[in-house]
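Since the structure comes first, as structure tokens, the remarks are kept for the end.
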Amino acid sequence: MNYSFSNRFTAMQPSIIREILKATSGQNVIPFSAGNPAPETFPVEAIRAYTQSILEEMPVAALQYGITEGYAPLRDVLKNHLHTRFASGKDMDELMIVSGAQQGIELACKVFCNEGETIICESPSFIGSLNTFRSSGARLVGVPMESDGIHIGLLEQALQTEKNVKLIYLIPSFQNPTGITTSLEKRKAVYELAQRYGVMILEDNPYGELRFRGEDVPTIKSMDEEGLVIYVGSFSKILSAGLRVGYVLAPDEVVSKMVVAKQGEDVHTAMLPQILAHKFMTEYDYAGHIANIRDIYRRKCDLMEQSLEAHMQQSVTYTRPDGGLFLWCELPSGISMLDYCKTAAERGVAVVPGTAFLVDATASCNAFRLNFSTPSDEQIRQGIEILGRI
């Protein structure tokens with residue numbers, strides 16, 4: 001059969017990260033390429049006990065269809081949490097539950113972007129979002145990152161010169177892949193530009209609870225008085241990635257359209273994980289759990305940075321994140337990044353080539369991404385030593 005795929009998907013390629021994970025699963029490979037939460041952060045016993053109690057006390061609610069907007073008690077507690085923790089959410093805003101933050105990003109793109117219209121992204125940026133935008137037929141424009149976030153001058157230039165810009169996509173806190181946190185000044189500047197040019201901001205904040213150094217920076221959503229910000233969050237990094245529970249906080253009119261789009265995709269997010277997430281937020285020691293995760297990631301990040309200093313200080317420069325899961329390493333000129341990553345894989349260390357995160361995949365890049373949450377302490381020590389020898 002000679003298959004005739006849609007124009008949007010003919011040129012699409014699978015996520016290089018997912019392919020690396022698939023190729024190395026079950027093998028004795030040090031997984032610096034993943035972005036998985038540390039297994040020791042999963043509240044397994046609580047999830048087991050809550051699941052049993054849900055199926056005993058409210059089985060029909062857990063196993064029946066639900067409304068597309070999401071489980072009402074979970075939506076209420078999340079709205080309150082986002083308001084008290086992040087000062088985010090106004091009277092004009094509504095919250096809906098989605099099947100992971102990735103779906104929230106896809107829905108925002110679906111309801112705002114026609115094929116060929118433009119989304120401005122940080123470059124580098126999260127490959128999952130970039131591929132989502134590409135699959136919708138959107139045109140991507142990348143704006144380079146600086147040490148304190150997106151380059152504001154080049155962002156304004158793009159807003160002035162690019163046609164039909166519909167969204168500005170940002171990961172302001174502990175960005176994937178660079179680990180960079182956008183400064184308060186730049187967050188304000190981005191919002192002012194969005195207001196001036198009439199463009200929506202898609203603020204992706206999956207790592208917002210994972211700050212382990214420094215002081216919190218207000219979300220862009222907390223500045224939103226005009227209904228310009230679609231805020232996406234997730235339980236993946238604080239409860240369980242496999243449960244696939246995320247959420248969107250956005251103006252009511254925007255959420256209403258996203259609800260219609262979600263009805264055509266999966267009707268609603270699975271009820272049992274939603275009820276579990278609600279119990280996790282209301283009956284578990286949520287604050288203590290977050291503090292424990294931060295301690296774990298602080299220690300693991302410190303260990304990776306110490307190992308880099310011991311084995312690669314003269315060879316690479318790298319970001320020092322204040323939270324999240326990732327470091328971004330720049331190789332010296334004269335070394336082929338792709339050859340380096342291939343050699344690392346052959347020697348049992350999986351890293352992600354920096355080109356995977358570029359808006360223009362053909363552009364030059366001499367960096368690679370490291371993850372410190374997934375590998376064990378011994379794997380961090382051993383893996384960085386191998387990378388240093390290479």
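Letters A, B, ... go to the chains of the structure tokens in the order shown; residues in each chain start at 1; ligands are counted from 1 in the same order.
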With region 265-272 of chain A as the partner and 10 Å as the cut-off, tabulate the residues of region 33-79 of chain A that qualify, each row holding the nearest pair of atoms and their distance in Å to one decimal, using only C-alpha atoms, sorted by chain and rising number, as JSON lines.
{"residue": "A:Thr51", "atom": "CA", "partner": "A:Leu272", "partner_atom": "CA", "distance": 7.8}
{"residue": "A:Ile54", "atom": "CA", "partner": "A:Leu272", "partner_atom": "CA", "distance": 8.0}
{"residue": "A:Leu55", "atom": "CA", "partner": "A:Leu272", "partner_atom": "CA", "distance": 8.8}
{"residue": "A:Met58", "atom": "CA", "partner": "A:Leu272", "partner_atom": "CA", "distance": 9.9}
{"residue": "A:Pro59", "atom": "CA", "partner": "A:Leu272", "partner_atom": "CA", "distance": 8.9}
{"residue": "A:Val60", "atom": "CA", "partner": "A:Met271", "partner_atom": "CA", "distance": 9.9}
{"residue": "A:Ala61", "atom": "CA", "partner": "A:Met271", "partner_atom": "CA", "distance": 7.2}
{"residue": "A:Ala62", "atom": "CA", "partner": "A:Leu272", "partner_atom": "CA", "distance": 4.6}
{"residue": "A:Leu63", "atom": "CA", "partner": "A:Met271", "partner_atom": "CA", "distance": 6.7}
{"residue": "A:Gln64", "atom": "CA", "partner": "A:Met271", "partner_atom": "CA", "distance": 7.4}
{"residue": "A:Tyr65", "atom": "CA", "partner": "A:Met271", "partner_atom": "CA", "distance": 7.4}
{"residue": "A:Gly66", "atom": "CA", "partner": "A:His268", "partner_atom": "CA", "distance": 6.5}
{"residue": "A:Ile67", "atom": "CA", "partner": "A:His268", "partner_atom": "CA", "distance": 6.3}
{"residue": "A:Thr68", "atom": "CA", "partner": "A:His268", "partner_atom": "CA", "distance": 4.4}
{"residue": "A:Glu69", "atom": "CA", "partner": "A:His268", "partner_atom": "CA", "distance": 7.3}
{"residue": "A:Gly70", "atom": "CA", "partner": "A:His268", "partner_atom": "CA", "distance": 6.8}
{"residue": "A:Tyr71", "atom": "CA", "partner": "A:Met271", "partner_atom": "CA", "distance": 7.2}
Problem - Residues near Met96 (chain A), cut-off 9 Å, only C-alpha atoms, skip fewer than 2 positions along chain, as a count of residues only - result: 15
Fill in the blank from the handout: What separates CA of Arg298 (chain A) and CA of Asn366 (chain A) is a distance of 26.6 Å
With a distance cut-off of 8 Å and only C-alpha atoms, select the neighbouring residues of Tyr207 (chain A), excluding the residue or stretch itself and same-chain residues fewer than 6 positions from it, and output the selection as a PDB file with N, CA and C atoms, in the first residue's frame.
ATOM      1  N   SER A 173      10.290  29.248  34.013  1.00  0.00           N
ATOM      2  CA  SER A 173      10.983  28.764  35.209  1.00  0.00           C
ATOM      3  C   SER A 173      11.693  27.453  34.931  1.00  0.00           C
ATOM      4  N   PHE A 174      13.043  27.466  35.061  1.00  0.00           N
ATOM      5  CA  PHE A 174      13.880  26.269  34.931  1.00  0.00           C
ATOM      6  C   PHE A 174      13.618  25.610  33.581  1.00  0.00           C
ATOM      7  N   LYS A 237       5.416  16.122  37.600  1.00  0.00           N
ATOM      8  CA  LYS A 237       6.698  16.198  38.292  1.00  0.00           C
ATOM      9  C   LYS A 237       6.556  16.189  39.810  1.00  0.00           C
ATOM     10  N   GLY A 323      16.371  25.223  39.897  1.00  0.00           N
ATOM     11  CA  GLY A 323      15.280  24.279  40.076  1.00  0.00           C
ATOM     12  C   GLY A 323      15.110  23.457  38.821  1.00  0.00           C
ATOM     13  N   GLY A 324      14.037  22.683  38.774  1.00  0.00           N
ATOM     14  CA  GLY A 324      13.776  21.881  37.595  1.00  0.00           C
ATOM     15  C   GLY A 324      14.602  20.620  37.537  1.00  0.00           C
TER      16      GLY A 324
END
Handout entry: Nearest to Gly388 (chain A), chosen from A:Asp216, A:Glu209, A:Glu309, A:Glu185, with only C-alpha atoms counted in the distances
Key =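 Distance minimum relative to Gly388 (chain A) lands on A:Glu309.
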Handout entry: Given only C-alpha atoms as the counted atoms, nearest of A:Leu210, A:Met92, A:Ala345, A:Ile380 to Asp295 (chain A)
Key = A:Leu210
Practice task
Output as a ChimeraX atom specification all residues of region 203-303 of chain A that backbone DSSP marks as strand (DSSP E).
Solution key: /A:203-204,229-234,246-251
Problem - Nearest candidate to Leu78 (chain A) (options A:Gln274, A:Ser236, A:Ser373, A:Asn164; using only C-alpha atoms) - result: A:Gln274
Problem - Exercise: region 103-108 of chain A partners within 10 Å, only C-alpha atoms, chain neighbours under 6 positions left out, as number ranges by chain - result: A: 96-97, 128-129, 131-133, 135-136, 167, 169, 200, 202-204, 230-234, 244-250, 254-255, 257-262, 265
Exercise for the section: Fewer than 2 positions away in the same chain doesn't count, so skip those; otherwise give me all residues within 9 Å of Val165 (chain A), counting only C-alpha atoms, as a ChimeraX atom specification. Expected result: /A:113,117-120,158-159,162-163,167-168,199-200
Output N, CA and C atoms of each residue in that selection to a file, as a PDB file, in the first residue's frame.
ATOM      1  N   CYS A 113      -4.507  28.774  16.417  1.00  0.00           N
ATOM      2  CA  CYS A 113      -3.652  28.833  15.233  1.00  0.00           C
ATOM      3  C   CYS A 113      -4.257  28.127  14.030  1.00  0.00           C
ATOM      4  N   GLU A 117      -0.062  29.994  10.365  1.00  0.00           N
ATOM      5  CA  GLU A 117       0.114  31.120  11.270  1.00  0.00           C
ATOM      6  C   GLU A 117       1.286  30.864  12.214  1.00  0.00           C
ATOM      7  N   THR A 118       1.734  31.910  12.891  1.00  0.00           N
ATOM      8  CA  THR A 118       3.048  31.894  13.538  1.00  0.00           C
ATOM      9  C   THR A 118       2.958  31.748  15.058  1.00  0.00           C
ATOM     10  N   ILE A 119       3.850  30.908  15.584  1.00  0.00           N
ATOM     11  CA  ILE A 119       4.084  30.812  17.024  1.00  0.00           C
ATOM     12  C   ILE A 119       5.546  31.171  17.272  1.00  0.00           C
ATOM     13  N   ILE A 120       5.774  32.131  18.162  1.00  0.00           N
ATOM     14  CA  ILE A 120       7.136  32.505  18.547  1.00  0.00           C
ATOM     15  C   ILE A 120       7.529  31.691  19.775  1.00  0.00           C
ATOM     16  N   ALA A 158      10.751  40.226  16.131  1.00  0.00           N
ATOM     17  CA  ALA A 158       9.923  39.180  15.521  1.00  0.00           C
ATOM     18  C   ALA A 158       8.454  39.587  15.508  1.00  0.00           C
ATOM     19  N   LEU A 159       7.993  40.215  16.580  1.00  0.00           N
ATOM     20  CA  LEU A 159       6.603  40.659  16.635  1.00  0.00           C
ATOM     21  C   LEU A 159       6.323  41.747  15.597  1.00  0.00           C
ATOM     22  N   GLU A 162       7.162  39.492  11.756  1.00  0.00           N
ATOM     23  CA  GLU A 162       6.504  38.241  11.376  1.00  0.00           C
ATOM     24  C   GLU A 162       5.000  38.460  11.197  1.00  0.00           C
ATOM     25  N   LYS A 163       4.416  37.718  10.284  1.00  0.00           N
ATOM     26  CA  LYS A 163       2.994  37.851   9.986  1.00  0.00           C
ATOM     27  C   LYS A 163       2.176  36.856  10.811  1.00  0.00           C
ATOM     28  N   LEU A 167       0.712  33.168  19.057  1.00  0.00           N
ATOM     29  CA  LEU A 167       1.128  32.774  20.406  1.00  0.00           C
ATOM     30  C   LEU A 167       2.604  33.065  20.607  1.00  0.00           C
ATOM     31  N   ILE A 168       2.948  33.432  21.852  1.00  0.00           N
ATOM     32  CA  ILE A 168       4.340  33.436  22.311  1.00  0.00           C
ATOM     33  C   ILE A 168       4.446  32.321  23.344  1.00  0.00           C
ATOM     34  N   VAL A 199      -0.968  39.759  21.197  1.00  0.00           N
ATOM     35  CA  VAL A 199      -0.627  38.350  21.024  1.00  0.00           C
ATOM     36  C   VAL A 199      -0.805  37.617  22.356  1.00  0.00           C
ATOM     37  N   MET A 200      -1.326  36.409  22.308  1.00  0.00           N
ATOM     38  CA  MET A 200      -1.482  35.590  23.513  1.00  0.00           C
ATOM     39  C   MET A 200      -0.140  34.990  23.936  1.00  0.00           C
TER      40      MET A 200
END
Can you pull out the residues contacting Ala49 (chain A)? Cut-off 12 Å, using only C-alpha atoms, and skip same-chain residues under 6 positions away; I want them as a PDB file with N, CA and C atoms, in the first residue's frame.
ATOM      1  N   PRO A  43       4.843   9.152  45.693  1.00  0.00           N
ATOM      2  CA  PRO A  43       4.221   8.739  46.956  1.00  0.00           C
ATOM      3  C   PRO A  43       3.442   7.436  46.761  1.00  0.00           C
ATOM      4  N   LEU A  55     -11.938   3.307  45.194  1.00  0.00           N
ATOM      5  CA  LEU A  55     -12.700   2.213  44.592  1.00  0.00           C
ATOM      6  C   LEU A  55     -13.678   1.579  45.574  1.00  0.00           C
ATOM      7  N   GLU A  56     -13.417   1.745  46.861  1.00  0.00           N
ATOM      8  CA  GLU A  56     -14.353   1.238  47.855  1.00  0.00           C
ATOM      9  C   GLU A  56     -15.492   2.223  48.132  1.00  0.00           C
ATOM     10  N   LEU A 276      -7.578  10.937  42.477  1.00  0.00           N
ATOM     11  CA  LEU A 276      -6.317  10.722  43.200  1.00  0.00           C
ATOM     12  C   LEU A 276      -5.585  12.050  43.412  1.00  0.00           C
ATOM     13  N   LYS A 279      -7.240  14.018  46.190  1.00  0.00           N
ATOM     14  CA  LYS A 279      -6.888  13.507  47.521  1.00  0.00           C
ATOM     15  C   LYS A 279      -5.450  13.874  47.881  1.00  0.00           C
ATOM     16  N   PHE A 280      -4.567  13.811  46.894  1.00  0.00           N
ATOM     17  CA  PHE A 280      -3.169  14.168  47.112  1.00  0.00           C
ATOM     18  C   PHE A 280      -3.050  15.615  47.592  1.00  0.00           C
ATOM     19  N   GLU A 283      -5.572  15.681  51.275  1.00  0.00           N
ATOM     20  CA  GLU A 283      -5.415  14.764  52.398  1.00  0.00           C
ATOM     21  C   GLU A 283      -3.961  14.405  52.684  1.00  0.00           C
ATOM     22  N   TYR A 284      -3.092  14.575  51.721  1.00  0.00           N
ATOM     23  CA  TYR A 284      -1.680  14.248  51.892  1.00  0.00           C
ATOM     24  C   TYR A 284      -0.944  15.479  52.419  1.00  0.00           C
TER      25      TYR A 284
END
Practice task
Quick one: pick out all alpha helix (DSSP H) residues within region 29-133 of chain A from a backbone DSSP run and write them as an MDAnalysis selection string.
Solution key: chainID A and resid 44:57 59:63 72:86 101:112 127:133
Could those residues be written to a file, using C-alpha atoms, as a PDB file, in the first residue's frame?
ATOM      1  CA  VAL A  44       3.560   5.093  46.122  1.00  0.00           C
ATOM      2  CA  GLU A  45       2.006   4.022  49.424  1.00  0.00           C
ATOM      3  CA  ALA A  46      -0.340   7.000  49.471  1.00  0.00           C
ATOM      4  CA  ILE A  47      -1.410   6.357  45.868  1.00  0.00           C
ATOM      5  CA  ARG A  48      -2.057   2.697  46.715  1.00  0.00           C
ATOM      6  CA  ALA A  49      -4.125   3.569  49.794  1.00  0.00           C
ATOM      7  CA  TYR A  50      -6.056   6.360  48.060  1.00  0.00           C
ATOM      8  CA  THR A  51      -6.822   4.153  45.066  1.00  0.00           C
ATOM      9  CA  GLN A  52      -8.234   1.466  47.324  1.00  0.00           C
ATOM     10  CA  SER A  53     -10.359   3.944  49.271  1.00  0.00           C
ATOM     11  CA  ILE A  54     -11.675   5.560  46.064  1.00  0.00           C
ATOM     12  CA  LEU A  55     -12.700   2.213  44.592  1.00  0.00           C
ATOM     13  CA  GLU A  56     -14.353   1.238  47.855  1.00  0.00           C
ATOM     14  CA  GLU A  57     -16.118   4.530  48.613  1.00  0.00           C
ATOM     15  CA  PRO A  59     -16.345   3.479  42.479  1.00  0.00           C
ATOM     16  CA  VAL A  60     -18.968   4.845  40.113  1.00  0.00           C
ATOM     17  CA  ALA A  61     -17.487   8.351  40.115  1.00  0.00           C
ATOM     18  CA  ALA A  62     -14.020   6.917  39.468  1.00  0.00           C
ATOM     19  CA  LEU A  63     -15.067   4.546  36.681  1.00  0.00           C
ATOM     20  CA  ALA A  72     -15.043  19.849  40.088  1.00  0.00           C
ATOM     21  CA  PRO A  73     -13.432  19.373  43.544  1.00  0.00           C
ATOM     22  CA  LEU A  74      -9.983  19.128  41.922  1.00  0.00           C
ATOM     23  CA  ARG A  75     -10.606  22.228  39.831  1.00  0.00           C
ATOM     24  CA  ASP A  76     -11.661  24.178  42.921  1.00  0.00           C
ATOM     25  CA  VAL A  77      -8.651  23.186  45.006  1.00  0.00           C
ATOM     26  CA  LEU A  78      -6.283  23.916  42.095  1.00  0.00           C
ATOM     27  CA  LYS A  79      -7.750  27.377  41.516  1.00  0.00           C
ATOM     28  CA  ASN A  80      -7.264  28.138  45.188  1.00  0.00           C
ATOM     29  CA  HIS A  81      -3.715  26.750  45.156  1.00  0.00           C
ATOM     30  CA  LEU A  82      -2.674  28.737  42.093  1.00  0.00           C
ATOM     31  CA  HIS A  83      -4.145  31.890  43.625  1.00  0.00           C
ATOM     32  CA  THR A  84      -2.426  31.495  47.015  1.00  0.00           C
ATOM     33  CA  ARG A  85       0.858  29.949  45.826  1.00  0.00           C
ATOM     34  CA  PHE A  86       1.441  31.815  42.558  1.00  0.00           C
ATOM     35  CA  ALA A 101       0.218  19.568  30.297  1.00  0.00           C
ATOM     36  CA  GLN A 102       1.128  18.469  26.767  1.00  0.00           C
ATOM     37  CA  GLN A 103      -2.561  18.285  25.905  1.00  0.00           C
ATOM     38  CA  GLY A 104      -3.118  21.773  27.275  1.00  0.00           C
ATOM     39  CA  ILE A 105      -0.379  23.080  24.983  1.00  0.00           C
ATOM     40  CA  GLU A 106      -1.870  21.243  22.009  1.00  0.00           C
ATOM     41  CA  LEU A 107      -5.373  22.538  22.734  1.00  0.00           C
ATOM     42  CA  ALA A 108      -4.144  26.134  22.981  1.00  0.00           C
ATOM     43  CA  CYS A 109      -2.460  25.782  19.605  1.00  0.00           C
ATOM     44  CA  LYS A 110      -5.547  24.142  18.108  1.00  0.00           C
ATOM     45  CA  VAL A 111      -7.990  26.871  19.153  1.00  0.00           C
ATOM     46  CA  PHE A 112      -5.762  29.831  18.219  1.00  0.00           C
ATOM     47  CA  ILE A 127      10.808  19.335  21.797  1.00  0.00           C
ATOM     48  CA  GLY A 128       7.355  18.012  22.750  1.00  0.00           C
ATOM     49  CA  SER A 129       5.807  21.439  22.341  1.00  0.00           C
ATOM     50  CA  LEU A 130       7.737  22.186  19.160  1.00  0.00           C
ATOM     51  CA  ASN A 131       6.499  18.966  17.577  1.00  0.00           C
ATOM     52  CA  THR A 132       2.954  19.715  18.717  1.00  0.00           C
ATOM     53  CA  PHE A 133       3.108  23.094  17.009  1.00  0.00           C
TER      54      PHE A 133
END
Practice task
Return the single residue from A:Ser364, A:Phe357, A:Ala189, A:Gly149 that is closest to Ser333 (chain A), with distances computed using only C-alpha atoms.
Solution key: A:Ser364
Exercise for the section: Can you work out the spacing between CA of Asn36 (chain A) and CA of Arg294 (chain A) in Å, to one decimal? Expected result: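 Going from CA of Asn36 (chain A) over to CA of Arg294 (chain A), I get 14.8 Å.
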Exercise for the section: Write out as a PyMOL selection string the residues lying within 8 Å of Ile238 (chain A), counting only C-alpha atoms and excluding same-chain residues fewer than 2 positions away. Expected result: chain A and resi 37+41-42+209+235-236+240+290+293
Create the file for the chosen residues now, containing C-alpha atoms and written as a short mmCIF file (atom, residue, chain, number, x, y, z; two decimals), in the first residue's frame.
data_model
loop_
_atom_site.label_atom_id
_atom_site.label_comp_id
_atom_site.auth_asym_id
_atom_site.auth_seq_id
_atom_site.Cartn_x
_atom_site.Cartn_y
_atom_site.Cartn_z
CA PRO A 37 10.87 12.42 37.80
CA THR A 41 9.66 11.10 44.70
CA PHE A 42 6.56 9.01 43.93
CA GLU A 209 7.08 23.82 42.38
CA PHE A 235 1.06 16.87 38.35
CA SER A 236 3.67 14.93 36.37
CA SER A 240 3.19 10.89 38.95
CA ILE A 290 7.15 19.23 47.74
CA ILE A 293 11.28 16.61 46.24
#
Problem - Using only C-alpha atoms: which of A:Met312, A:Met281, A:Leu325, A:Ala350 has the shortest distance to Lys300 (chain A) - result: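 Comparing A:Met312, A:Met281, A:Leu325, A:Ala350 against Lys300 (chain A), the winner is A:Leu325.
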Problem - Nearest residue to Pro218 (chain A) from the set A:Leu331, A:Ala87, A:Ala241, A:Leu140 (distances using only C-alpha atoms) - result: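 When distances to Pro218 (chain A) are compared using only C-alpha atoms, the smallest one comes from A:Ala87.
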